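*Asks:* Can you keep this structure in mind? I'll have questions shortly.
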Amino acid sequence: MAEKKTFVTLEQLKEIDKTYPTPYHLYDEKGIRENAKKLKEAFSWNKGYREYFAIKATPNPYILKILKDYGCGVDCASMTELMMAYALDYKPEEIMFSSNDTPAEEYEYAAKIGATINLDDITHIDFLDKILDGKFPETMSCRYNPGGFFKLGTSIMDNPGDAKYGMTHEQIIEAFKILKSKGVKHFGIHSFLASNTVTNEYYPTLAKILFELAVELKEKTGADIKFINLSGGIGVDYKPEQEKNDISIIGANVHKVYDEVLKPAGMDDIAIYTELGRFMLAPYGCLVTKAIHEKHTHKEYIGVDACAVNLMRPAIYGAYHHITVAGKENAPCDHVYDVTGSLCENNDKFAIDRKLPKIDMGDYLIIHDTGAHGFSMGYNYNGKLRSAELLLKENGDVQMIRRAETPKDYFATFDFSDALDKLNLK
Ligand SMILES: *Cc1c(COP(=O)(O)O)cnc(C)c1O
């Protein structure tokens, strides 16, 4: 079984504690950089390759700036995500807008800042036509959903037939024809068929489906296809028994399919895009929390100072996040605990029946792989406040890249001025 290692030591955590109280999300600059570099190298065979980091995974400007060093653009799906991209000076060609159920004002803004619009549905062509007064951008993308189950060999990876995203085969052909008739010159194809895949086969299998579709679309519609967007879905090894994806193998196998399908069709100038979120950040962030209570009733509970508002995945998906007790990395896991937060919700548990070393009050628990879809899924239930985000820099310094919320933030969206006086929060 592979060991899940942390990127921070007990000594470092004690040092951080002098300035920043738990809980907080901590990110590992060195890990982020090494991984982004590997991804870039894995697709360097493709001239136009670009990763559009799925901003929803970790919407923090400091993180985005690190990724920018490796040529990453951003993939947005909402107004504020687009605004963030624009404010951070991403060039139009560095912004992908892969939204769904999109409000008119978001399309309008995306078009204004020159983001590439990736249409989720054929009915959105008319919707967009009205918003843009018939003036479509030169380049448009369409999202494909073949339906059915997505299988690798005999094992079912996911269920696109039950997913709200994308156009059917018939619809995407029709959409290309209509868009072409409306003056669109260049096209992209996008698809996201399985989430958090921990296998090197997902991207190559998806690539084959999309490359064959590209050939068919060119034949049937004469469209000039500029890029194929493999989107997100490359997962991480949340569990110790899982084997990590190897991005260099994934890149090489996509290359192979590219040469097999696109090259003979004379389409080997197509750029490959990716929109990875989880793969880019999840392993390079952790949630650090302190044990503050132990409870011995029908089960053994450890209560920590973080809760599901800081990390929602275990509560909503039953997702596994590995936990390391800092300083007890080599101690035997001879205790069984439920590790809980303080929400008045019984699903507020970071771990259930987890084998861990004996936990003492004040121990730091490092909850692994929270760098993507961690902080960003946070919410304010029970009036709980969002934590700080800290960056462990390559030189070992720690930088606060987002402060923790305060009660004043929580009260900020209604008129509470008199009460703020009473609370001394003015
Ligand atoms: C969420 C999302 C991604 C990123 O998914 P990961 O699982 O984090 O890789 C990419 N593209 C779109 C359109 C998404 O909605």
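Residues in the structure tokens are numbered from 1 in each chain, the chains being A, B, ... in the order shown, and ligands are numbered from 1 in the order shown.
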DSSP says helix (DSSP H, G or I) for which residues of stretch 191-277 of chain A? Put them as a ChimeraX atom specification?

*Replies:* /A:202-221,247-262

*Asks:* Kindly work out which residues sit at most 6 Å from ligand 1, using only C-alpha atoms and all ligand atoms, and give the list as a list in words.

*Replies:*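 After applying the 6 Å limit, what remains is Ala54, Ala57, Ser98, Ser195, Asn196, Ser231, Gly232, Gly233, Ile234, Glu275, Leu276, Gly277, Arg278 and Phe279 of chain A.
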
*Asks:* Contacts between stretch 381-398 of chain A and stretch 39-79 of chain A, please, where a residue of stretch 39-79 of chain A counts if it comes within 10 Å (with only C-alpha atoms); show its shortest atom pair and distance in Å to one decimal, rows by chain and ascending number, as a tab-separated table.

*Replies:*
```
residue	atom	partner	partner_atom	distance
A:Asn60	CA	A:Glu389	CA	8.9
A:Tyr62	CA	A:Leu391	CA	8.6
A:Ile63	CA	A:Leu391	CA	8.6
```

*Asks:* Can you write just those residues out, N, CA and C atoms, as an mmCIF file, in the first residue's frame?

*Replies:*
```cif
data_model
loop_
_atom_site.group_PDB
_atom_site.id
_atom_site.type_symbol
_atom_site.label_atom_id
_atom_site.label_comp_id
_atom_site.auth_asym_id
_atom_site.auth_seq_id
_atom_site.Cartn_x
_atom_site.Cartn_y
_atom_site.Cartn_z
ATOM 1 N N ASN A 60 -8.225 31.298 -6.183
ATOM 2 C CA ASN A 60 -7.393 32.233 -5.424
ATOM 3 C C ASN A 60 -6.338 32.828 -6.360
ATOM 4 N N TYR A 62 -3.484 34.142 -5.990
ATOM 5 C CA TYR A 62 -2.089 33.769 -5.763
ATOM 6 C C TYR A 62 -1.785 32.409 -6.385
ATOM 7 N N ILE A 63 -2.752 31.507 -6.270
ATOM 8 C CA ILE A 63 -2.597 30.173 -6.871
ATOM 9 C C ILE A 63 -2.608 30.303 -8.396
#
```

*Asks:* Show me a table, sorted first by chain and then by increasing residue number, of the residues of stretch 157-248 of chain A having an atom at most 10 Å from stretch 125-146 of chain A, each with its shortest atom pair and the distance in Å to one decimal, counting only C-alpha atoms and written as JSON lines.

*Replies:*
```
{"residue": "A:Pro160", "atom": "CA", "partner": "A:Asn145", "partner_atom": "CA", "distance": 6.5}
{"residue": "A:Gly161", "atom": "CA", "partner": "A:Pro146", "partner_atom": "CA", "distance": 7.3}
{"residue": "A:Asp162", "atom": "CA", "partner": "A:Asn145", "partner_atom": "CA", "distance": 10.0}
{"residue": "A:Ala163", "atom": "CA", "partner": "A:Asn145", "partner_atom": "CA", "distance": 8.3}
{"residue": "A:Lys164", "atom": "CA", "partner": "A:Asn145", "partner_atom": "CA", "distance": 9.0}
{"residue": "A:Tyr165", "atom": "CA", "partner": "A:Asn145", "partner_atom": "CA", "distance": 6.7}
{"residue": "A:Gly166", "atom": "CA", "partner": "A:Arg143", "partner_atom": "CA", "distance": 4.6}
{"residue": "A:Met167", "atom": "CA", "partner": "A:Tyr144", "partner_atom": "CA", "distance": 4.8}
{"residue": "A:Thr168", "atom": "CA", "partner": "A:Asn145", "partner_atom": "CA", "distance": 5.4}
{"residue": "A:His169", "atom": "CA", "partner": "A:Pro146", "partner_atom": "CA", "distance": 6.0}
{"residue": "A:Glu170", "atom": "CA", "partner": "A:Pro146", "partner_atom": "CA", "distance": 9.5}
{"residue": "A:Gln171", "atom": "CA", "partner": "A:Tyr144", "partner_atom": "CA", "distance": 8.8}
{"residue": "A:Ile172", "atom": "CA", "partner": "A:Tyr144", "partner_atom": "CA", "distance": 6.7}
{"residue": "A:Ile173", "atom": "CA", "partner": "A:Cys142", "partner_atom": "CA", "distance": 9.8}
{"residue": "A:Ala175", "atom": "CA", "partner": "A:Ile125", "partner_atom": "CA", "distance": 7.7}
{"residue": "A:Phe176", "atom": "CA", "partner": "A:Cys142", "partner_atom": "CA", "distance": 8.1}
{"residue": "A:Ile178", "atom": "CA", "partner": "A:Ile125", "partner_atom": "CA", "distance": 8.2}
{"residue": "A:Leu179", "atom": "CA", "partner": "A:Ile125", "partner_atom": "CA", "distance": 7.5}
{"residue": "A:Lys180", "atom": "CA", "partner": "A:Glu138", "partner_atom": "CA", "distance": 9.7}
{"residue": "A:Lys182", "atom": "CA", "partner": "A:Phe136", "partner_atom": "CA", "distance": 7.1}
{"residue": "A:Gly183", "atom": "CA", "partner": "A:Phe136", "partner_atom": "CA", "distance": 6.9}
{"residue": "A:Val184", "atom": "CA", "partner": "A:Glu138", "partner_atom": "CA", "distance": 4.8}
{"residue": "A:Lys185", "atom": "CA", "partner": "A:Glu138", "partner_atom": "CA", "distance": 5.1}
{"residue": "A:His186", "atom": "CA", "partner": "A:Thr139", "partner_atom": "CA", "distance": 4.6}
{"residue": "A:Phe187", "atom": "CA", "partner": "A:Met140", "partner_atom": "CA", "distance": 5.2}
{"residue": "A:Gly188", "atom": "CA", "partner": "A:Ser141", "partner_atom": "CA", "distance": 4.1}
{"residue": "A:Ile189", "atom": "CA", "partner": "A:Cys142", "partner_atom": "CA", "distance": 5.3}
{"residue": "A:His190", "atom": "CA", "partner": "A:Arg143", "partner_atom": "CA", "distance": 4.6}
{"residue": "A:Ser191", "atom": "CA", "partner": "A:Tyr144", "partner_atom": "CA", "distance": 5.1}
{"residue": "A:Phe192", "atom": "CA", "partner": "A:Asn145", "partner_atom": "CA", "distance": 7.8}
{"residue": "A:Leu193", "atom": "CA", "partner": "A:Asn145", "partner_atom": "CA", "distance": 7.3}
{"residue": "A:Ile209", "atom": "CA", "partner": "A:Pro146", "partner_atom": "CA", "distance": 9.1}
{"residue": "A:Leu210", "atom": "CA", "partner": "A:Tyr144", "partner_atom": "CA", "distance": 8.6}
{"residue": "A:Leu213", "atom": "CA", "partner": "A:Tyr144", "partner_atom": "CA", "distance": 9.4}
{"residue": "A:Asp224", "atom": "CA", "partner": "A:Thr139", "partner_atom": "CA", "distance": 9.7}
{"residue": "A:Ile225", "atom": "CA", "partner": "A:Ser141", "partner_atom": "CA", "distance": 9.3}
{"residue": "A:Lys226", "atom": "CA", "partner": "A:Thr139", "partner_atom": "CA", "distance": 8.6}
{"residue": "A:Phe227", "atom": "CA", "partner": "A:Ser141", "partner_atom": "CA", "distance": 8.5}
{"residue": "A:Ile228", "atom": "CA", "partner": "A:Ser141", "partner_atom": "CA", "distance": 8.9}
{"residue": "A:Asn229", "atom": "CA", "partner": "A:Ser141", "partner_atom": "CA", "distance": 8.9}
{"residue": "A:Ser231", "atom": "CA", "partner": "A:Arg143", "partner_atom": "CA", "distance": 9.9}
```

*Asks:* Can you measure atom CA of A:Leu206 to atom CA of A:Val261 for me? One decimal in Å is fine.

*Replies:*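 We find that atom CA of A:Leu206 and atom CA of A:Val261 lie 12.6 Å from each other.
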
*Asks:* Which one of A:Lys208, A:His321, A:Lys38, A:Arg354 sits closest to A:Lys256 if you count only C-alpha atoms?

*Replies:*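 Smallest separation from A:Lys256 among the options: A:Lys208.
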
*Asks:* Between A:Val254, A:Ala77, A:Leu262, A:Ala419, which one has atoms that come closest to A:Asp120, using only C-alpha atoms?

*Replies:*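 Closest to A:Asp120 of all the choices is A:Ala77.
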
*Asks:* Rank A:Val236, A:Ile352, A:Leu343, A:Ile122 by their smallest atom-to-atom distance to A:Tyr284, using only C-alpha atoms, and report the top residue only.

*Replies:*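 Closest to A:Tyr284, using only C-alpha atoms: A:Val236.
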